[in-house]
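Below is one structure, written out as structure tokens; comments come after it.
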Amino acid sequence: MRVHLVDGTYELFRHHFAVPSHVTGDGREVAATRGVVGSVLNMVEEGATHLGVATDHVIESFRNDLWAGYKTGEGVDPTLLAQFPLVEEALVAAGFVVWPMVEYEADDALSAAAALAAADERVEQVLICTPDKDLGQCVGGKVVQLDRRRRTVLDADGVRAKFGIEPASIPDYLALVGDSADGFPGLPGWGARSAAAVLDRWHHLEAVPATAVDWGVDVRAAGRLAVTLRDHLDLALLFRRIATLERDAPVADDVDELEWRGPTDGFEALCDALDAPALARRAEALAAARAGEG
């Protein structure tokens, strides 16, 4: 069994900027929603059987209480924001399990679901479907990261090749270099090369020696970086807390819940409201084919 875990927020943003606008008769912009539902159905057409989709029901989370500059919905296109609940409704109607996050974030749900699926002995592989670098911390063993658009897969060796560190060090890495998409800056002077070199040797922030002469790695301006880390260690640890994904986010209780069994009775009407009757026909055909296989 393979389990696919989809970053619904990423997919919604991606389709919003990739597909032409479509406004329904009642004035709603629905193009991104139609694109996401079609994309997830395409996964079923390609053989996916067990799927879960995580979304940010609201963009803000508990992390906004930890750091004032953390990302918010400010500046996001209102026509995109309005589709967050719509895409959740459409995916549920299509028969998919959806985890709409409020206190947590979609990334937390993906992390929690990946841990759940990987612990099931029946599961051979868990594919976290997003290019988001935060999810690299979940990679290892059965768990890989799939960039569906580029059709690339990152396993633990892939994460090491891309970032120069072990997957478990990704939160420490982001604490040092920052994450502009999430709204925290990292520490002054620290960049990708210096962070990777030091964390490849020491793995986690609190293990890094206080003085650069004890680092055992060749890093430019190491002395200055060591002082910065020593003086701002509490801030770095806060950023690492922000970058660390929560495995207790509320998701499924069992992998069996993720099996796609076809659309609900209301999916056809919803597709009509989206001006997308072809989506309903695709889902019904897939369900019929799955039933025939059974």
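So you can find residues: chains in the structure tokens are A, B, ... in the order shown, residues in each start at 1, and ligands are numbered from 1 in order.
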
With only C-alpha atoms as the counted atoms, please give the residues lying no more than 12 Å from A:Asp179, apart from itself and same-chain residues fewer than 3 positions off, as a compact mmCIF listing (two decimals) with N, CA and C atoms, in the first residue's frame.
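Once written, selection15.txt looks like this:
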```txt
# COMPACT_ATOMS: atom_id res chain seq x y z
N GLY A 69 5.92 38.44 13.50
CA GLY A 69 6.07 38.60 12.06
C GLY A 69 5.69 37.38 11.25
N TYR A 70 5.13 36.37 11.92
CA TYR A 70 4.80 35.14 11.20
C TYR A 70 3.71 35.41 10.17
N LYS A 71 3.67 34.59 9.12
CA LYS A 71 2.79 34.82 7.98
C LYS A 71 1.33 34.93 8.39
N ASP A 132 7.49 21.97 -0.52
CA ASP A 132 7.82 22.79 0.64
C ASP A 132 8.99 22.20 1.41
N LYS A 133 10.05 23.00 1.57
CA LYS A 133 11.26 22.50 2.23
C LYS A 133 11.02 22.12 3.68
N ASP A 134 10.00 22.70 4.33
CA ASP A 134 9.71 22.35 5.73
C ASP A 134 9.47 20.85 5.89
N ILE A 170 16.61 19.88 9.46
CA ILE A 170 15.93 20.92 8.67
C ILE A 170 15.41 22.06 9.57
N PRO A 171 14.75 21.80 10.70
CA PRO A 171 14.29 22.92 11.53
C PRO A 171 15.44 23.79 12.04
N ASP A 172 16.58 23.17 12.39
CA ASP A 172 17.74 23.94 12.84
C ASP A 172 18.28 24.79 11.70
N TYR A 173 18.30 24.22 10.51
CA TYR A 173 18.76 24.92 9.32
C TYR A 173 17.88 26.15 9.05
N LEU A 174 16.57 25.97 9.10
CA LEU A 174 15.66 27.08 8.85
C LEU A 174 15.77 28.13 9.95
N ALA A 175 16.06 27.70 11.17
CA ALA A 175 16.25 28.66 12.27
C ALA A 175 17.42 29.60 11.99
N LEU A 176 18.45 29.08 11.36
CA LEU A 176 19.64 29.89 11.08
C LEU A 176 19.46 30.75 9.83
N ASP A 182 7.50 32.07 5.43
CA ASP A 182 6.80 31.95 6.71
C ASP A 182 6.96 33.19 7.59
N GLY A 183 7.89 34.07 7.22
CA GLY A 183 7.96 35.35 7.92
C GLY A 183 8.90 35.41 9.10
N PHE A 184 9.92 34.54 9.17
CA PHE A 184 10.93 34.72 10.21
C PHE A 184 12.31 34.78 9.55
N PRO A 185 13.19 35.66 10.07
CA PRO A 185 14.39 36.05 9.32
C PRO A 185 15.64 35.20 9.51
N GLY A 186 15.68 34.33 10.51
CA GLY A 186 16.94 33.64 10.80
C GLY A 186 17.89 34.57 11.53
N LEU A 187 19.16 34.18 11.58
CA LEU A 187 20.15 34.98 12.29
C LEU A 187 21.02 35.75 11.31
N GLY A 191 24.00 31.93 6.30
CA GLY A 191 23.45 31.58 5.00
C GLY A 191 23.38 30.08 4.82
N ALA A 192 22.96 29.66 3.64
CA ALA A 192 22.76 28.23 3.39
C ALA A 192 24.06 27.44 3.55
N PHE A 239 13.00 30.20 16.59
CA PHE A 239 12.77 29.97 15.17
C PHE A 239 12.71 28.48 14.86
N ARG A 240 13.54 27.69 15.55
CA ARG A 240 13.48 26.24 15.34
C ARG A 240 12.14 25.68 15.81
N ILE A 242 9.35 27.23 15.73
CA ILE A 242 8.39 27.62 14.70
C ILE A 242 8.51 26.70 13.49
N ALA A 243 9.74 26.32 13.14
CA ALA A 243 9.98 25.51 11.95
C ALA A 243 9.74 24.02 12.17
```

DSSP on the backbone, strand (DSSP E) only: what residues of stretch 21-184 of chain A does that give? Format it as an MDAnalysis selection string. chainID A and resid 50:56 97:101 125:129 143:147 152:154

Residues of stretch 62-104 of chain A classed as helix (DSSP H, G or I) by DSSP on the backbone are to be reported as a PyMOL selection string. chain A and resi 63-66+78-81+83-93

Could the residues in this selection be saved with N, CA and C atoms as a tab-separated table (two decimals), in the first residue's frame?
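Generated output (out_19.tsv):
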```
chain	number	residue	atom	x	y	z
A	63	ARG	N	1.54	29.54	15.66
A	63	ARG	CA	2.85	30.14	15.45
A	63	ARG	C	2.80	31.67	15.44
A	64	ASN	N	1.65	32.22	15.11
A	64	ASN	CA	1.51	33.68	15.15
A	64	ASN	C	1.60	34.21	16.57
A	65	ASP	N	1.31	33.37	17.56
A	65	ASP	CA	1.46	33.77	18.95
A	65	ASP	C	2.91	33.70	19.40
A	66	LEU	N	3.73	32.96	18.65
A	66	LEU	CA	5.14	32.82	19.01
A	66	LEU	C	6.01	33.90	18.39
A	78	PRO	N	-8.14	38.25	-2.35
A	78	PRO	CA	-9.42	37.84	-1.74
A	78	PRO	C	-10.13	36.73	-2.51
A	79	THR	N	-9.98	36.71	-3.84
A	79	THR	CA	-10.63	35.64	-4.61
A	79	THR	C	-9.98	34.29	-4.36
A	80	LEU	N	-8.72	34.32	-3.93
A	80	LEU	CA	-8.05	33.08	-3.54
A	80	LEU	C	-8.47	32.66	-2.13
A	81	LEU	N	-8.46	33.62	-1.21
A	81	LEU	CA	-8.86	33.32	0.16
A	81	LEU	C	-10.28	32.75	0.21
A	83	GLN	N	-11.65	30.83	-1.73
A	83	GLN	CA	-11.73	29.45	-2.21
A	83	GLN	C	-11.19	28.43	-1.20
A	84	PHE	N	-10.62	28.89	-0.10
A	84	PHE	CA	-10.14	27.94	0.90
A	84	PHE	C	-11.27	27.03	1.39
A	85	PRO	N	-12.39	27.57	1.89
A	85	PRO	CA	-13.48	26.67	2.32
A	85	PRO	C	-14.12	25.95	1.14
A	86	LEU	N	-14.13	26.57	-0.02
A	86	LEU	CA	-14.77	25.96	-1.19
A	86	LEU	C	-14.01	24.72	-1.64
A	87	VAL	N	-12.68	24.79	-1.65
A	87	VAL	CA	-11.92	23.62	-2.10
A	87	VAL	C	-12.05	22.48	-1.10
A	88	GLU	N	-12.15	22.81	0.18
A	88	GLU	CA	-12.36	21.77	1.19
A	88	GLU	C	-13.71	21.08	0.96
A	89	GLU	N	-14.74	21.88	0.74
A	89	GLU	CA	-16.07	21.32	0.48
A	89	GLU	C	-16.07	20.45	-0.77
A	90	ALA	N	-15.41	20.90	-1.82
A	90	ALA	CA	-15.40	20.17	-3.08
A	90	ALA	C	-14.64	18.85	-2.95
A	91	LEU	N	-13.51	18.87	-2.24
A	91	LEU	CA	-12.72	17.64	-2.08
A	91	LEU	C	-13.47	16.61	-1.23
A	92	VAL	N	-14.13	17.07	-0.17
A	92	VAL	CA	-14.92	16.15	0.65
A	92	VAL	C	-16.05	15.55	-0.18
A	93	ALA	N	-16.72	16.38	-0.98
A	93	ALA	CA	-17.80	15.88	-1.83
A	93	ALA	C	-17.27	14.89	-2.85
```

Counting only C-alpha atoms, what is within 12 Å of A:Ala119, bar same-chain residues fewer than 4 positions away, as a VMD selection string? chain A and resid 3 112 to 115 123 to 126 141 to 143 253 to 255

Export C-alpha atoms of the chosen residues as a compact mmCIF listing (two decimals), in the first residue's frame?
```txt
# COMPACT_ATOMS: atom_id res chain seq x y z
CA VAL A 3 -0.25 6.56 0.92
CA ALA A 112 1.21 13.82 11.66
CA ALA A 113 -0.38 11.78 8.87
CA ALA A 114 3.03 10.71 7.56
CA ALA A 115 4.00 9.40 10.99
CA VAL A 123 2.22 0.68 4.15
CA GLU A 124 5.20 0.37 1.83
CA GLN A 125 5.68 4.05 1.05
CA VAL A 126 4.34 7.42 2.19
CA GLY A 141 12.45 5.32 6.03
CA LYS A 142 9.14 4.85 4.21
CA VAL A 143 8.51 8.58 3.91
CA ASP A 253 -7.01 7.45 13.34
CA ASP A 254 -6.23 4.73 10.82
CA VAL A 255 -4.81 4.45 7.31
```

Need to verify the contact set: A:Ser61, 9 Å, only C-alpha atoms, exclusion of same-chain residues closer than 2 positions in sequence. Can you return it as an NGL selection string? :A and (56 or 58-59 or 63-65 or 72 or 101-105)

Restricting to only C-alpha atoms, whichever of A:Ala291, A:Ala283, A:Arg247, A:Ser194 is closest to A:Ala212 is A:Ser194

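In terms of minimum interatomic distance to A:Arg149, A:Glu11 ranks closest within A:His4, A:Leu225, A:Glu11, A:Asp214, counting only C-alpha atoms.
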
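Residues in contact with A:Asp147 at 9 Å, where only C-alpha atoms are counted and same-chain residues fewer than 6 positions away are skipped, are listed as Ile128, Cys129, Thr130, Pro131, Asp132, Val153 and Leu154 of chain A.
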
Selection: 6 Å around stretch 156-159 of chain A, only C-alpha atoms, excl. self and same-chain fewer than 2 positions, as a PyMOL selection string: chain A and resi 139-140+154+161-163

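Across the structure, atom CA of A:Ala278 and atom CA of A:Glu45 are spaced 14.2 Å apart.
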
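With only C-alpha atoms as the atoms that count, the minimum distance from A:Val208 to the choices A:Arg220, A:Ser39, A:Leu233, A:Phe13 is reached by A:Leu233.
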
Need to verify the contact set: stretch 257-264 of chain A, 7 Å, only C-alpha atoms, exclusion of same-chain residues closer than 3 positions in sequence. Can you return it as an MDAnalysis selection string? chainID A and resid 49:52 93:97 252 254 267 283:284 287

With C-alpha atoms retained, could you export that selection as a CSV table (one decimal), in the first residue's frame?
```csv
chain,number,residue,atom,x,y,z
A,49,THR,CA,-5.7,4.5,-3.6
A,50,HIS,CA,-5.2,6.1,-0.1
A,51,LEU,CA,-5.1,9.8,0.0
A,52,GLY,CA,-5.4,12.6,2.6
A,93,ALA,CA,-17.8,15.9,-1.8
A,94,ALA,CA,-15.4,14.1,-4.2
A,95,GLY,CA,-14.9,11.5,-1.5
A,96,PHE,CA,-11.4,12.5,-0.3
A,97,VAL,CA,-10.4,12.8,3.4
A,252,ALA,CA,-7.0,10.2,10.7
A,254,ASP,CA,-6.2,4.7,10.8
A,267,PHE,CA,-20.6,15.8,-5.8
A,283,ALA,CA,-15.1,10.7,-10.5
A,284,GLU,CA,-18.0,8.4,-11.3
A,287,ALA,CA,-15.4,4.8,-8.9
```
